[in-house]
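model-v6.cif follows; it contains mmCIF, C-alpha atoms and all ligand atoms.
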```cif
data_work
#
loop_
_atom_site.label_atom_id
_atom_site.label_comp_id
_atom_site.auth_asym_id
_atom_site.auth_seq_id
_atom_site.Cartn_x
_atom_site.Cartn_y
_atom_site.Cartn_z
CA MET A 13 3.28 79.33 44.01
CA PRO A 14 0.09 77.28 44.52
CA ALA A 15 -1.15 75.34 41.50
CA LEU A 16 -3.79 76.41 39.03
CA ILE A 17 -6.91 74.48 40.03
CA ILE A 18 -8.34 72.92 36.87
CA ASP A 19 -12.07 73.54 37.16
CA GLY A 20 -13.72 70.55 35.45
CA SER A 21 -17.20 71.82 36.25
CA ALA A 22 -16.61 75.14 34.47
CA ILE A 23 -14.84 73.51 31.49
CA SER A 24 -17.61 70.93 31.18
CA LYS A 25 -20.24 73.70 31.21
CA SER A 26 -18.51 75.56 28.39
CA ILE A 27 -18.22 72.38 26.28
CA LEU A 28 -21.92 71.65 26.83
CA ALA A 29 -22.79 75.23 25.83
CA GLU A 30 -20.80 74.75 22.59
CA ILE A 31 -22.64 71.48 21.87
CA LYS A 32 -26.04 73.00 22.64
CA ALA A 33 -25.39 75.90 20.24
CA GLU A 34 -24.28 73.51 17.49
CA VAL A 35 -27.35 71.30 17.95
CA ALA A 36 -29.65 74.35 17.79
CA ALA A 37 -27.99 75.40 14.52
CA ILE A 38 -28.35 71.88 13.05
CA LYS A 39 -32.00 71.77 14.09
CA ALA A 40 -32.70 75.17 12.53
CA GLU A 41 -31.07 74.10 9.28
CA LYS A 42 -32.17 70.47 8.90
CA ASN A 43 -34.90 69.92 11.50
CA GLU A 44 -32.93 66.92 12.79
CA VAL A 45 -31.30 66.30 16.17
CA PRO A 46 -28.95 63.66 17.62
CA GLY A 47 -30.73 60.76 19.33
CA LEU A 48 -29.50 58.98 22.45
CA VAL A 49 -31.03 55.97 24.18
CA THR A 50 -30.06 55.23 27.78
CA ILE A 51 -30.81 51.71 28.95
CA LEU A 52 -30.96 51.12 32.68
CA VAL A 53 -31.40 47.63 34.11
CA GLY A 54 -32.58 47.47 37.72
CA SER A 55 -32.44 50.26 40.27
CA ASN A 56 -28.89 50.38 41.64
CA SER A 57 -28.87 53.85 43.25
CA ALA A 58 -25.55 54.98 41.74
CA SER A 59 -26.66 53.83 38.26
CA VAL A 60 -30.03 55.58 38.64
CA SER A 61 -28.33 58.86 39.53
CA TYR A 62 -25.80 58.59 36.65
CA VAL A 63 -28.57 57.83 34.13
CA THR A 64 -30.80 60.60 35.47
CA LEU A 65 -28.00 63.12 34.94
CA LYS A 66 -27.27 61.79 31.44
CA VAL A 67 -30.95 62.04 30.47
CA LYS A 68 -31.27 65.56 31.89
CA THR A 69 -28.12 66.72 30.08
CA ALA A 70 -29.16 65.13 26.76
CA LEU A 71 -32.56 66.84 26.94
CA ASP A 72 -30.87 70.13 27.78
CA MET A 73 -28.66 69.72 24.68
CA GLY A 74 -31.83 69.43 22.58
CA TYR A 75 -31.26 65.75 21.79
CA LYS A 76 -33.96 63.19 21.25
CA GLU A 77 -33.56 61.14 24.43
CA VAL A 78 -35.21 57.79 25.01
CA GLN A 79 -34.92 56.29 28.47
CA GLU A 80 -35.47 52.57 28.83
CA ASN A 81 -35.92 51.28 32.38
CA LEU A 82 -35.79 47.50 32.51
CA ALA A 83 -36.54 45.32 35.52
CA ALA A 84 -33.52 43.80 37.29
CA ASP A 85 -34.66 40.32 36.23
CA VAL A 86 -34.98 41.12 32.52
CA SER A 87 -33.54 38.28 30.44
CA GLU A 88 -30.30 38.68 28.55
CA ALA A 89 -32.16 37.81 25.34
CA ASP A 90 -34.68 40.62 25.88
CA LEU A 91 -31.93 43.13 26.55
CA LEU A 92 -30.03 42.03 23.44
CA ALA A 93 -33.23 42.31 21.39
CA MET A 94 -33.70 45.88 22.65
CA VAL A 95 -30.10 46.79 21.72
CA ASP A 96 -30.69 45.32 18.27
CA ARG A 97 -33.85 47.40 17.84
CA TYR A 98 -31.95 50.60 18.56
CA ASN A 99 -29.06 49.51 16.34
CA LYS A 100 -31.59 49.58 13.48
CA ASP A 101 -33.40 52.79 14.52
CA PRO A 102 -32.16 55.66 12.29
CA SER A 103 -33.30 58.33 14.77
CA ILE A 104 -30.90 56.95 17.42
CA HIS A 105 -27.18 57.72 17.08
CA GLY A 106 -25.96 56.70 20.51
CA ILE A 107 -26.75 53.64 22.61
CA LEU A 108 -25.72 53.67 26.23
CA VAL A 109 -26.23 50.63 28.44
CA GLN A 110 -25.53 51.68 32.02
CA LEU A 111 -23.00 49.37 33.71
CA PRO A 112 -22.77 47.32 35.85
CA LEU A 113 -25.45 44.88 34.73
CA PRO A 114 -27.02 42.24 37.00
CA ARG A 115 -24.97 39.05 37.34
CA HIS A 116 -27.21 36.88 35.15
CA ILE A 117 -26.41 39.08 32.13
CA ASP A 118 -23.10 38.74 30.29
CA GLU A 119 -21.88 42.35 30.15
CA LYS A 120 -19.38 41.57 27.40
CA LYS A 121 -22.10 40.08 25.20
CA VAL A 122 -24.21 43.23 25.58
CA ILE A 123 -21.34 45.64 24.85
CA TYR A 124 -20.34 43.55 21.81
CA ALA A 125 -23.96 43.63 20.55
CA ILE A 126 -24.03 47.45 20.28
CA ASP A 127 -23.40 48.70 16.74
CA PRO A 128 -19.82 50.09 16.99
CA ASP A 129 -21.02 53.14 15.04
CA LYS A 130 -23.50 53.91 17.85
CA ASP A 131 -21.22 52.93 20.75
CA VAL A 132 -20.89 56.41 22.26
CA ASP A 133 -19.32 54.98 25.44
CA GLY A 134 -16.43 53.74 23.28
CA PHE A 135 -16.23 50.35 25.02
CA HIS A 136 -16.80 48.09 21.97
CA PRO A 137 -13.58 46.29 20.91
CA VAL A 138 -13.94 47.77 17.41
CA ASN A 139 -13.76 51.25 18.93
CA ILE A 140 -10.84 50.28 21.18
CA GLY A 141 -9.07 49.08 18.02
CA ARG A 142 -9.93 52.30 16.18
CA LEU A 143 -8.58 54.28 19.15
CA LEU A 144 -5.31 52.36 18.98
CA LEU A 145 -4.95 53.07 15.26
CA GLY A 146 -5.56 56.76 16.00
CA GLY A 147 -6.07 59.68 13.62
CA ASP A 148 -9.29 59.56 11.59
CA GLU A 149 -9.85 55.95 12.62
CA ALA A 150 -10.67 56.90 16.24
CA LYS A 151 -14.45 57.40 16.33
CA PHE A 152 -15.60 57.38 19.96
CA PRO A 153 -12.87 57.87 22.56
CA PRO A 154 -14.13 56.50 25.90
CA CYS A 155 -15.68 59.41 27.81
CA THR A 156 -13.45 59.64 30.90
CA PRO A 157 -10.13 59.54 28.97
CA ALA A 158 -11.55 61.99 26.42
CA GLY A 159 -12.47 64.29 29.32
CA ILE A 160 -8.96 64.03 30.74
CA GLN A 161 -7.37 64.98 27.41
CA GLU A 162 -9.75 67.91 27.01
CA LEU A 163 -9.03 69.16 30.56
CA ILE A 164 -5.28 69.15 29.90
CA LEU A 165 -5.68 70.93 26.56
CA ARG A 166 -8.10 73.57 27.83
CA SER A 167 -5.78 74.32 30.77
CA GLY A 168 -3.07 75.33 28.31
CA VAL A 169 -0.70 72.50 29.27
CA ARG A 170 1.53 71.33 26.41
CA ILE A 171 1.11 67.62 25.73
CA SER A 172 3.42 67.25 22.72
CA GLY A 173 6.85 66.17 23.92
CA ALA A 174 5.73 65.88 27.56
CA GLU A 175 6.63 62.96 29.82
CA VAL A 176 3.24 61.53 30.78
CA VAL A 177 2.90 58.95 33.54
CA VAL A 178 -0.45 57.14 33.89
CA VAL A 179 -1.08 55.32 37.17
CA GLY A 180 -3.51 52.44 36.48
CA ARG A 181 -4.11 50.18 33.49
CA SER A 182 -7.89 49.69 33.45
CA ASN A 183 -9.71 49.26 30.15
CA ILE A 184 -11.87 52.32 30.78
CA VAL A 185 -9.24 54.84 31.95
CA GLY A 186 -5.55 53.86 32.10
CA LYS A 187 -5.10 51.95 28.83
CA PRO A 188 -7.19 54.26 26.63
CA ILE A 189 -5.74 57.56 27.93
CA ALA A 190 -2.19 56.20 27.52
CA ASN A 191 -2.98 55.26 23.92
CA MET A 192 -4.65 58.57 23.15
CA LEU A 193 -1.73 60.66 24.38
CA LEU A 194 0.96 58.69 22.53
CA GLN A 195 -0.65 59.16 19.11
CA LYS A 196 1.10 61.32 16.56
CA GLY A 197 -1.05 64.40 16.15
CA PRO A 198 -2.54 67.43 17.88
CA GLY A 199 -3.39 67.07 21.56
CA ALA A 200 -1.08 64.09 21.88
CA ASN A 201 2.50 63.18 20.80
CA ALA A 202 3.64 62.59 24.40
CA THR A 203 6.07 60.01 25.78
CA VAL A 204 3.85 57.80 27.90
CA THR A 205 4.63 55.41 30.74
CA VAL A 206 1.92 53.30 32.36
CA VAL A 207 2.52 52.18 35.94
CA HIS A 208 0.41 49.69 37.89
CA THR A 209 0.39 47.17 40.72
CA GLY A 210 3.33 45.31 39.11
CA THR A 211 5.54 48.42 38.94
CA VAL A 212 8.65 48.33 41.13
CA ASP A 213 9.42 52.03 41.63
CA LEU A 214 6.07 53.82 41.45
CA ALA A 215 7.38 57.01 43.12
CA GLY A 216 10.43 57.21 40.81
CA HIS A 217 8.26 57.05 37.68
CA CYS A 218 5.77 59.61 39.02
CA ARG A 219 8.58 62.05 39.84
CA ARG A 220 9.57 62.18 36.14
CA ALA A 221 6.09 63.17 34.98
CA ASP A 222 5.33 66.53 33.40
CA ILE A 223 1.74 65.29 33.29
CA LEU A 224 0.70 62.79 35.96
CA ILE A 225 -2.64 61.03 35.47
CA VAL A 226 -3.75 58.96 38.43
CA ALA A 227 -6.56 56.38 38.08
CA ALA A 228 -5.90 53.75 40.73
CA GLY A 229 -8.90 54.01 43.07
CA VAL A 230 -6.64 54.23 46.14
CA PRO A 231 -7.24 57.36 48.27
CA GLY A 232 -4.11 59.43 48.77
CA LEU A 233 -1.88 56.94 46.89
CA VAL A 234 0.22 59.69 45.28
CA LYS A 235 2.26 61.56 47.87
CA PRO A 236 3.30 65.20 47.37
CA GLU A 237 6.99 64.21 47.18
CA TRP A 238 6.18 62.06 44.11
CA ILE A 239 5.18 65.15 42.14
CA LYS A 240 7.62 67.02 39.92
CA PRO A 241 7.44 70.75 40.74
CA GLY A 242 5.22 72.48 38.17
CA ALA A 243 3.67 69.23 36.87
CA CYS A 244 0.07 68.96 35.70
CA VAL A 245 -1.73 66.47 37.94
CA ILE A 246 -4.99 64.87 36.83
CA ASP A 247 -6.64 62.96 39.65
CA VAL A 248 -9.24 60.54 38.27
CA GLY A 249 -9.81 58.69 41.53
CA VAL A 250 -13.20 58.95 43.22
CA ASN A 251 -13.09 57.23 46.60
CA ARG A 252 -15.83 57.27 49.21
CA VAL A 253 -13.99 57.73 52.50
CA GLY A 254 -16.93 58.50 54.79
CA GLU A 255 -20.21 60.38 55.10
CA LYS A 256 -21.27 63.86 56.16
CA ILE A 257 -24.41 65.94 56.41
CA SER A 258 -24.70 68.33 53.48
CA GLU A 259 -24.96 71.97 54.59
CA LYS A 260 -27.12 72.71 51.53
CA THR A 261 -29.68 69.89 51.73
CA GLY A 262 -29.30 68.52 55.26
CA LYS A 263 -29.02 65.04 53.74
CA THR A 264 -26.27 62.47 54.33
CA VAL A 265 -23.76 62.54 51.48
CA ALA A 266 -20.52 60.69 50.77
CA ILE A 267 -17.16 62.30 51.50
CA LEU A 268 -15.12 61.87 48.31
CA ARG A 269 -11.32 61.81 48.05
CA GLY A 270 -9.07 61.44 45.06
CA ASP A 271 -5.97 59.29 44.60
CA VAL A 272 -3.72 62.30 45.24
CA ASP A 273 -3.14 64.14 48.51
CA PHE A 274 -4.71 67.31 47.05
CA ASP A 275 -3.92 69.86 49.78
CA ALA A 276 -0.21 69.09 49.81
CA ALA A 277 0.06 68.41 46.06
CA LYS A 278 -1.39 71.78 45.08
CA GLU A 279 1.61 73.50 46.69
CA ILE A 280 3.99 71.65 44.33
CA ALA A 281 2.08 71.02 41.09
CA GLY A 282 1.70 73.64 38.35
CA SER A 283 -1.93 72.66 37.82
CA ILE A 284 -4.19 70.08 39.43
CA THR A 285 -7.75 68.77 39.28
CA PRO A 286 -9.82 68.70 42.48
CA VAL A 287 -12.02 65.77 43.56
CA PRO A 288 -14.92 66.29 43.17
CA GLY A 289 -15.18 68.90 40.41
CA GLY A 290 -12.28 67.82 38.20
CA VAL A 291 -12.52 64.84 35.85
CA GLY A 292 -16.01 63.77 37.00
CA PRO A 293 -18.11 66.47 35.29
CA MET A 294 -16.15 66.01 32.03
CA THR A 295 -17.33 62.44 31.45
CA ILE A 296 -20.90 63.44 30.69
CA ALA A 297 -19.80 66.31 28.43
CA MET A 298 -17.76 63.82 26.40
CA LEU A 299 -20.75 61.47 26.14
CA MET A 300 -22.74 64.33 24.62
CA LYS A 301 -19.82 65.12 22.29
CA ASN A 302 -19.60 61.49 21.11
CA THR A 303 -23.37 61.45 20.45
CA LEU A 304 -23.08 64.59 18.34
CA SER A 305 -20.10 63.07 16.45
CA SER A 306 -22.16 59.96 15.80
CA PHE A 307 -25.04 62.05 14.46
CA LYS A 308 -22.66 63.84 12.08
CA MET A 309 -21.03 60.56 11.05
CA HIS A 310 -24.42 59.04 10.20
CA ALA A 311 -25.52 62.19 8.40
CA SER A 312 -22.49 62.06 6.13
P1 LIG B 401 -9.73 49.79 38.23
O1 LIG B 401 -9.82 49.26 39.62
O2 LIG B 401 -10.36 49.07 37.11
O3 LIG B 401 -8.18 49.98 37.88
C1 LIG B 401 -7.28 50.53 38.79
C2 LIG B 401 -5.88 50.39 38.25
O4 LIG B 401 -4.99 50.98 39.16
C3 LIG B 401 -5.45 48.96 38.05
O5 LIG B 401 -4.91 48.84 36.75
C4 LIG B 401 -4.35 48.73 39.08
O6 LIG B 401 -3.26 48.01 38.55
C5 LIG B 401 -3.90 50.14 39.42
N1 LIG B 401 -3.58 50.23 40.84
C6 LIG B 401 -4.40 49.99 41.89
N2 LIG B 401 -3.73 50.14 43.05
C7 LIG B 401 -2.47 50.47 42.73
C8 LIG B 401 -1.31 50.74 43.49
N3 LIG B 401 -1.31 50.69 44.83
N4 LIG B 401 -0.18 51.03 42.83
C9 LIG B 401 -0.16 51.08 41.49
N5 LIG B 401 -1.23 50.85 40.71
C10 LIG B 401 -2.37 50.54 41.33
O7 LIG B 401 -10.24 51.29 38.33
P2 LIG B 401 -10.77 52.34 37.21
O8 LIG B 401 -12.10 51.91 36.74
O9 LIG B 401 -9.71 52.65 36.23
O10 LIG B 401 -10.98 53.61 38.16
C11 LIG B 401 -9.91 54.18 38.88
C12 LIG B 401 -10.44 55.31 39.74
O11 LIG B 401 -11.00 56.31 38.89
C13 LIG B 401 -11.57 54.91 40.69
O12 LIG B 401 -11.44 55.64 41.88
C14 LIG B 401 -12.82 55.29 39.95
O13 LIG B 401 -13.90 55.57 40.82
C15 LIG B 401 -12.35 56.54 39.24
N6 LIG B 401 -13.11 56.82 38.01
C16 LIG B 401 -13.63 58.06 37.89
C17 LIG B 401 -14.34 58.38 36.75
C18 LIG B 401 -14.91 59.76 36.61
O14 LIG B 401 -14.60 60.64 37.34
N7 LIG B 401 -15.74 60.04 35.67
C19 LIG B 401 -14.53 57.44 35.74
C20 LIG B 401 -13.93 56.19 35.88
C21 LIG B 401 -13.22 55.89 37.03
#
```

Mind turning this structure into structure tokens?
Amino acid sequence: MPALIIDGSAISKSILAEIKAEVAAIKAEKNEVPGLVTILVGSNSASVSYVTLKVKTALDMGYKEVQENLAADVSEADLLAMVDRYNKDPSIHGILVQLPLPRHIDEKKVIYAIDPDKDVDGFHPVNIGRLLLGGDEAKFPPCTPAGIQELILRSGVRISGAEVVVVGRSNIVGKPIANMLLQKGPGANATVTVVHTGTVDLAGHCRRADILIVAAGVPGLVKPEWIKPGACVIDVGVNRVGEKISEKTGKTVAILRGDVDFDAAKEIAGSITPVPGGVGPMTIAMLMKNTLSSFKMHAS
């Protein structure tokens, strides 16, 4: 039987609708709303389109949204001063600095300068530490891993007791999702293996997985015969493999492929995310969720 296709776009829409309704209720009761600042340095086209979508979504949620567009040659000191200003601004609950930053700016220094209690991207080492401790300590799970966990849960796949294999050990996807799923508690409690470029038998590990999460950035890395029949497959990979003319707009657009051979894998897996339309749309929903959590945290 072909797999259930996990529709990240639809799930993301329903999460955003829940957030929007909650924000409207808060506004009606307290006349306050969550505040998010998005800081963009330069005009890298991918960064511009990510930030534009974040701004549009935040406004749609009813948030106070401040967009800061800084020139590509802004000094590190000026950027740090801006971050500090928003750290102290009580109407702002989330600070997002769009990465990557130009080479003359130390990215680590900027991430470390964000108040961990406003770090809605969840990249600050304090938040990585909180994530590792788990339970009530975890404040802002990084958005892509949080989206992955939510997709699995909302697809009705049991995580507790499952064998989870994560392909990739990056700081933004592989390491955090592995840590989130091994915690004792709801939506986790799995047995987690992380495989990477140093792993000897990649296929053997993948074949054991009840839940296979692939974040390697290698198109078609995971072959259908690596998938356990009935497994839940979450393909995080977004790889540009060519270009095509969009039928809708007539413009040239990228052809995107995941890390899993989707067409063959869907005949074996129990459930699977497509690329695009799987993990991608969830990231922004989780950013909005973290901003709302931050608002509530500051309010209490
Ligand atoms: P990364 O390059 O930082 O890390 C990739 C990891 O995969 C590394 O740990 C590496 O060891 C492992 N890896 C690479 N090739 C491998 C191989 N042949 N065998 C085993 N392991 C291998 O990448 P990342 O930032 O974690 O992103 C991974 C993919 O996910 C990319 O395609 C990226 O575009 C995508 N991504 C998507 C979203 C989203 O949809 N919102 C967010 C983040 C990343």

| field | Long-range neighbours of Val253 in chain A as a ChimeraX atom specification, 7 Å cut-off, all atoms listed in the file, 2 positions minimum in chain | value | /A:251,267-269

| query | Hey, which of A:Ile31, A:Ile126, A:Cys244, A:Gly229 ends up closest to Ile164 in chain A? Count only C-alpha atoms. | reply |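 Result for the nearest residue to Ile164 in chain A: A:Cys244.
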
| message | So that I can check the surroundings of Val35 in chain A, please list as a list of chain:residue names every protein, DNA and RNA residue that reaches within 8 Å of it, counting all atoms listed in the file and ignoring chain neighbours fewer than 6 positions away. | response | A:Val45, A:Pro46, A:Met73, A:Gly74, A:Tyr75, A:Leu304

Extending 6 Å beyond the listed atoms of range 128-131 of chain A on each side, what axis-aligned box results? I want centre and edge lengths in Å to one decimal, as JSON.
```
{"center_x": -21.7, "center_y": 52.0, "center_z": 17.9, "size_x": 15.7, "size_y": 15.8, "size_z": 17.7}
```

| If we count all atoms listed in the file, what is near range 178-195 of chain A at a cut-off of 10 Å, once residues fewer than 2 positions away on the same chain are taken out, given as number ranges by chain? | A: 133-135, 140, 143-147, 150, 153-161, 171-174, 176, 197-209, 211, 214, 217-218, 221, 223-229, 233-234, 246-248, 271

Taking the partial coordinates given, rebuild range 159-193 of chain A to contain N, CA and C atoms; return it as a compact mmCIF listing (two decimals), keeping the file's coordinate frame.
```
# COMPACT_ATOMS: atom_id res chain seq x y z
N GLY A 159 -12.34 63.15 28.41
CA GLY A 159 -12.47 64.29 29.32
C GLY A 159 -11.13 64.71 29.89
N ILE A 160 -10.29 63.73 30.19
CA ILE A 160 -8.96 64.03 30.74
C ILE A 160 -8.14 64.81 29.71
N GLN A 161 -8.15 64.32 28.47
CA GLN A 161 -7.37 64.98 27.41
C GLN A 161 -7.85 66.43 27.21
N GLU A 162 -9.16 66.58 27.20
CA GLU A 162 -9.75 67.91 27.01
C GLU A 162 -9.38 68.85 28.16
N LEU A 163 -9.39 68.34 29.40
CA LEU A 163 -9.03 69.16 30.56
C LEU A 163 -7.59 69.66 30.44
N ILE A 164 -6.70 68.76 30.02
CA ILE A 164 -5.28 69.15 29.90
C ILE A 164 -5.15 70.23 28.83
N LEU A 165 -5.79 69.98 27.68
CA LEU A 165 -5.68 70.93 26.56
C LEU A 165 -6.25 72.30 26.92
N ARG A 166 -7.44 72.28 27.53
CA ARG A 166 -8.10 73.57 27.83
C ARG A 166 -7.44 74.30 29.00
N SER A 167 -6.51 73.63 29.70
CA SER A 167 -5.78 74.32 30.77
C SER A 167 -4.47 74.89 30.24
N GLY A 168 -4.26 74.75 28.94
CA GLY A 168 -3.07 75.33 28.31
C GLY A 168 -1.79 74.56 28.58
N VAL A 169 -1.90 73.31 29.01
CA VAL A 169 -0.70 72.50 29.27
C VAL A 169 -0.28 71.82 27.97
N ARG A 170 1.02 71.90 27.66
CA ARG A 170 1.53 71.33 26.41
C ARG A 170 1.67 69.81 26.57
N ILE A 171 1.03 69.08 25.67
CA ILE A 171 1.11 67.62 25.73
C ILE A 171 2.25 67.11 24.83
N SER A 172 2.39 67.71 23.66
CA SER A 172 3.42 67.25 22.72
C SER A 172 4.80 67.33 23.37
N GLY A 173 5.50 66.22 23.37
CA GLY A 173 6.85 66.17 23.92
C GLY A 173 6.90 65.95 25.43
N ALA A 174 5.74 66.02 26.10
CA ALA A 174 5.73 65.88 27.56
C ALA A 174 5.97 64.43 27.99
N GLU A 175 6.54 64.28 29.17
CA GLU A 175 6.63 62.96 29.82
C GLU A 175 5.31 62.76 30.55
N VAL A 176 4.52 61.80 30.12
CA VAL A 176 3.24 61.53 30.78
C VAL A 176 3.36 60.21 31.54
N VAL A 177 2.96 60.21 32.79
CA VAL A 177 2.90 58.95 33.54
C VAL A 177 1.44 58.71 33.93
N VAL A 178 0.93 57.52 33.56
CA VAL A 178 -0.45 57.14 33.89
C VAL A 178 -0.38 56.07 34.98
N VAL A 179 -1.03 56.33 36.10
CA VAL A 179 -1.08 55.32 37.17
C VAL A 179 -2.39 54.55 37.01
N GLY A 180 -2.30 53.27 36.68
CA GLY A 180 -3.51 52.44 36.48
C GLY A 180 -3.60 51.98 35.04
N ARG A 181 -4.04 50.75 34.84
CA ARG A 181 -4.11 50.18 33.49
C ARG A 181 -5.48 49.57 33.21
N SER A 182 -6.54 50.23 33.70
CA SER A 182 -7.89 49.69 33.45
C SER A 182 -8.28 49.92 31.99
N ASN A 183 -9.25 49.13 31.54
CA ASN A 183 -9.71 49.26 30.15
C ASN A 183 -10.48 50.54 29.92
N ILE A 184 -11.04 51.13 31.00
CA ILE A 184 -11.87 52.32 30.78
C ILE A 184 -11.12 53.64 31.02
N VAL A 185 -9.98 53.58 31.73
CA VAL A 185 -9.24 54.84 31.95
C VAL A 185 -7.77 54.70 31.54
N GLY A 186 -7.00 53.90 32.28
CA GLY A 186 -5.55 53.86 32.10
C GLY A 186 -5.09 53.52 30.69
N LYS A 187 -5.56 52.36 30.17
CA LYS A 187 -5.10 51.95 28.83
C LYS A 187 -5.53 52.93 27.74
N PRO A 188 -6.83 53.35 27.71
CA PRO A 188 -7.19 54.26 26.63
C PRO A 188 -6.49 55.63 26.71
N ILE A 189 -6.36 56.22 27.90
CA ILE A 189 -5.74 57.56 27.93
C ILE A 189 -4.27 57.46 27.52
N ALA A 190 -3.59 56.38 27.92
CA ALA A 190 -2.19 56.20 27.52
C ALA A 190 -2.10 56.13 26.00
N ASN A 191 -3.00 55.39 25.38
CA ASN A 191 -2.98 55.26 23.92
C ASN A 191 -3.34 56.56 23.21
N MET A 192 -4.26 57.31 23.79
CA MET A 192 -4.65 58.57 23.15
C MET A 192 -3.51 59.57 23.15
N LEU A 193 -2.76 59.62 24.25
CA LEU A 193 -1.73 60.66 24.38
C LEU A 193 -0.44 60.31 23.65
```
